[in-house]
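**Q** Here's a structure for you.
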Amino acid sequence: MDHERARRQLDLIAGVLAAARAAGVPLWLRGGWAMDFFLGEVTREHGDIDWFAWAKDAAPLAGTLVRLGHTPVPGPPADLQLDFVKDGLESSFTLVGTDAAGRVTVAGGPWAGTPWPDGLLGAEPGRIGALEAPIVDPRVQIEIKRMMPVWDPSRPRRAKDAEDIARLEAALRRRAAG
């Protein structure tokens, strides 16, 4: 594992969280970093930093990130996801909304309005060292990692997802027994 890269990513997470809080923009880590914050340690290499943000906060979030020196990167539809790079580190902000029933939904793109699994944003914050971060619920993280190849057949199952699921399930069993 590239420990220097992980340290730089953790510093970027801390900076983004502080700036977003100051701007009144809530964020949640998702993917591998959400898992690591739940587990309390860096367990593997991370290619990028994945987040969830409310679609209504997309413009202020983008402005905040640009002021921090992040550069927008073209990618998925802007109503679905915002991608940025800073100092060679990539961050993706998947945008969410809510439906009439109050469920968290996909904000844009071809799956706009599709509900995410219940409890998505309801987890206690995670922590690595002194850094605390809002995270996706680990049970929902497992469901997303299991179901993504079913929901989107163009995204095949990856070995790291199976490893992440095993880590999360083991940690949940330990917490339930503990």
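In the structure tokens, each chain is lettered A, B, ... as it comes, each chain's residues begin at 1, and ligands are numbered from 1 in order of appearance.
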Quick one: residues within 12 Å of range 121-130 of chain A, only C-alpha atoms counted, chain neighbours fewer than 6 positions away excluded, as a count of residues only?
**A** 38
**Q** From range 6-177 of chain A, collect each residue whose DSSP state is helix (DSSP H, G or I) and return the set as number ranges by chain.
**A** A: 6-22, 31-39, 55-67, 109-111, 138-151, 159-177
**Q** Pick from A:Pro60, A:Leu120, A:Ala55, A:His46: nearest to Ala22 in chain A, with only C-alpha atoms counted?
**A**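 Checking each of A:Pro60, A:Leu120, A:Ala55, A:His46 against Ala22 in chain A, counting only C-alpha atoms, the winner is A:Pro60.
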**Q** If we count only C-alpha atoms and set the cut-off at 10 Å, which residues sit around Leu12 in chain A, ignoring sequence neighbours fewer than 2 positions away in its own chain? Please answer as an mmCIF file with N, CA, C and O atoms, in the first residue's frame.
**A**
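out_33.cif, freshly written:
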data_model
loop_
_atom_site.group_PDB
_atom_site.id
_atom_site.type_symbol
_atom_site.label_atom_id
_atom_site.label_comp_id
_atom_site.auth_asym_id
_atom_site.auth_seq_id
_atom_site.Cartn_x
_atom_site.Cartn_y
_atom_site.Cartn_z
ATOM 1 N N ALA A 6 -2.220 7.419 0.764
ATOM 2 C CA ALA A 6 -3.330 7.303 1.725
ATOM 3 C C ALA A 6 -3.350 8.514 2.654
ATOM 4 O O ALA A 6 -4.425 9.066 2.935
ATOM 5 N N ARG A 7 -2.180 8.958 3.113
ATOM 6 C CA ARG A 7 -2.118 10.143 3.986
ATOM 7 C C ARG A 7 -2.628 11.370 3.244
ATOM 8 O O ARG A 7 -3.400 12.164 3.782
ATOM 9 N N ARG A 8 -2.226 11.517 1.971
ATOM 10 C CA ARG A 8 -2.683 12.654 1.170
ATOM 11 C C ARG A 8 -4.204 12.597 0.974
ATOM 12 O O ARG A 8 -4.880 13.623 1.026
ATOM 13 N N GLN A 9 -4.729 11.398 0.749
ATOM 14 C CA GLN A 9 -6.183 11.266 0.595
ATOM 15 C C GLN A 9 -6.897 11.607 1.899
ATOM 16 O O GLN A 9 -7.936 12.278 1.880
ATOM 17 N N LEU A 10 -6.368 11.168 3.020
ATOM 18 C CA LEU A 10 -6.980 11.510 4.311
ATOM 19 C C LEU A 10 -6.939 13.019 4.540
ATOM 20 O O LEU A 10 -7.912 13.602 5.043
ATOM 21 N N ALA A 14 -10.213 15.431 5.005
ATOM 22 C CA ALA A 14 -10.348 16.389 6.120
ATOM 23 C C ALA A 14 -10.621 17.791 5.589
ATOM 24 O O ALA A 14 -11.505 18.499 6.106
ATOM 25 N N GLY A 15 -9.899 18.217 4.558
ATOM 26 C CA GLY A 15 -10.095 19.552 3.999
ATOM 27 C C GLY A 15 -11.456 19.729 3.354
ATOM 28 O O GLY A 15 -12.110 20.765 3.540
ATOM 29 N N VAL A 16 -11.901 18.720 2.614
ATOM 30 C CA VAL A 16 -13.212 18.791 1.966
ATOM 31 C C VAL A 16 -14.312 18.832 3.021
ATOM 32 O O VAL A 16 -15.247 19.633 2.925
ATOM 33 N N LEU A 17 -14.200 17.982 4.038
ATOM 34 C CA LEU A 17 -15.226 17.978 5.086
ATOM 35 C C LEU A 17 -15.299 19.321 5.810
ATOM 36 O O LEU A 17 -16.393 19.842 6.046
ATOM 37 N N ALA A 18 -14.157 19.891 6.156
ATOM 38 C CA ALA A 18 -14.148 21.174 6.866
ATOM 39 C C ALA A 18 -14.764 22.279 6.011
ATOM 40 O O ALA A 18 -15.591 23.065 6.495
ATOM 41 N N ILE A 49 -11.741 8.971 -4.023
ATOM 42 C CA ILE A 49 -12.559 9.209 -2.826
ATOM 43 C C ILE A 49 -13.989 9.399 -3.316
ATOM 44 O O ILE A 49 -14.260 10.295 -4.125
ATOM 45 N N LEU A 68 -11.062 25.573 -3.161
ATOM 46 C CA LEU A 68 -10.017 24.781 -2.492
ATOM 47 C C LEU A 68 -8.938 24.301 -3.460
ATOM 48 O O LEU A 68 -7.991 23.640 -3.041
ATOM 49 N N LYS A 86 -7.580 17.014 -7.512
ATOM 50 C CA LYS A 86 -6.701 17.985 -6.854
ATOM 51 C C LYS A 86 -5.398 17.264 -6.523
ATOM 52 O O LYS A 86 -5.414 16.217 -5.871
ATOM 53 N N ASP A 87 -4.306 17.829 -6.984
ATOM 54 C CA ASP A 87 -2.983 17.257 -6.719
ATOM 55 C C ASP A 87 -2.921 15.780 -7.089
ATOM 56 O O ASP A 87 -2.350 14.966 -6.358
ATOM 57 N N LEU A 89 -5.291 13.618 -7.029
ATOM 58 C CA LEU A 89 -6.243 12.799 -6.272
ATOM 59 C C LEU A 89 -7.659 13.066 -6.773
ATOM 60 O O LEU A 89 -8.090 14.221 -6.841
ATOM 61 N N GLU A 90 -8.356 11.996 -7.112
ATOM 62 C CA GLU A 90 -9.703 12.107 -7.668
ATOM 63 C C GLU A 90 -10.769 11.964 -6.590
ATOM 64 O O GLU A 90 -10.634 11.145 -5.685
ATOM 65 N N SER A 91 -11.823 12.767 -6.739
ATOM 66 C CA SER A 91 -12.996 12.687 -5.868
ATOM 67 C C SER A 91 -14.246 12.694 -6.733
ATOM 68 O O SER A 91 -14.322 13.455 -7.706
#
**Q** Please compute the CA of Ala19 in chain A-CA of Leu65 in chain A distance, one decimal, in Å.
**A**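 So the two atoms, CA of Ala19 in chain A and CA of Leu65 in chain A, lie 8.1 Å apart.
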**Q** Could you check how far CA of Met148 in chain A sits from CA of Arg175 in chain A, in Å to one decimal?
**A**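 If I compute the distance from CA of Met148 in chain A to CA of Arg175 in chain A, I get 25.8 Å.
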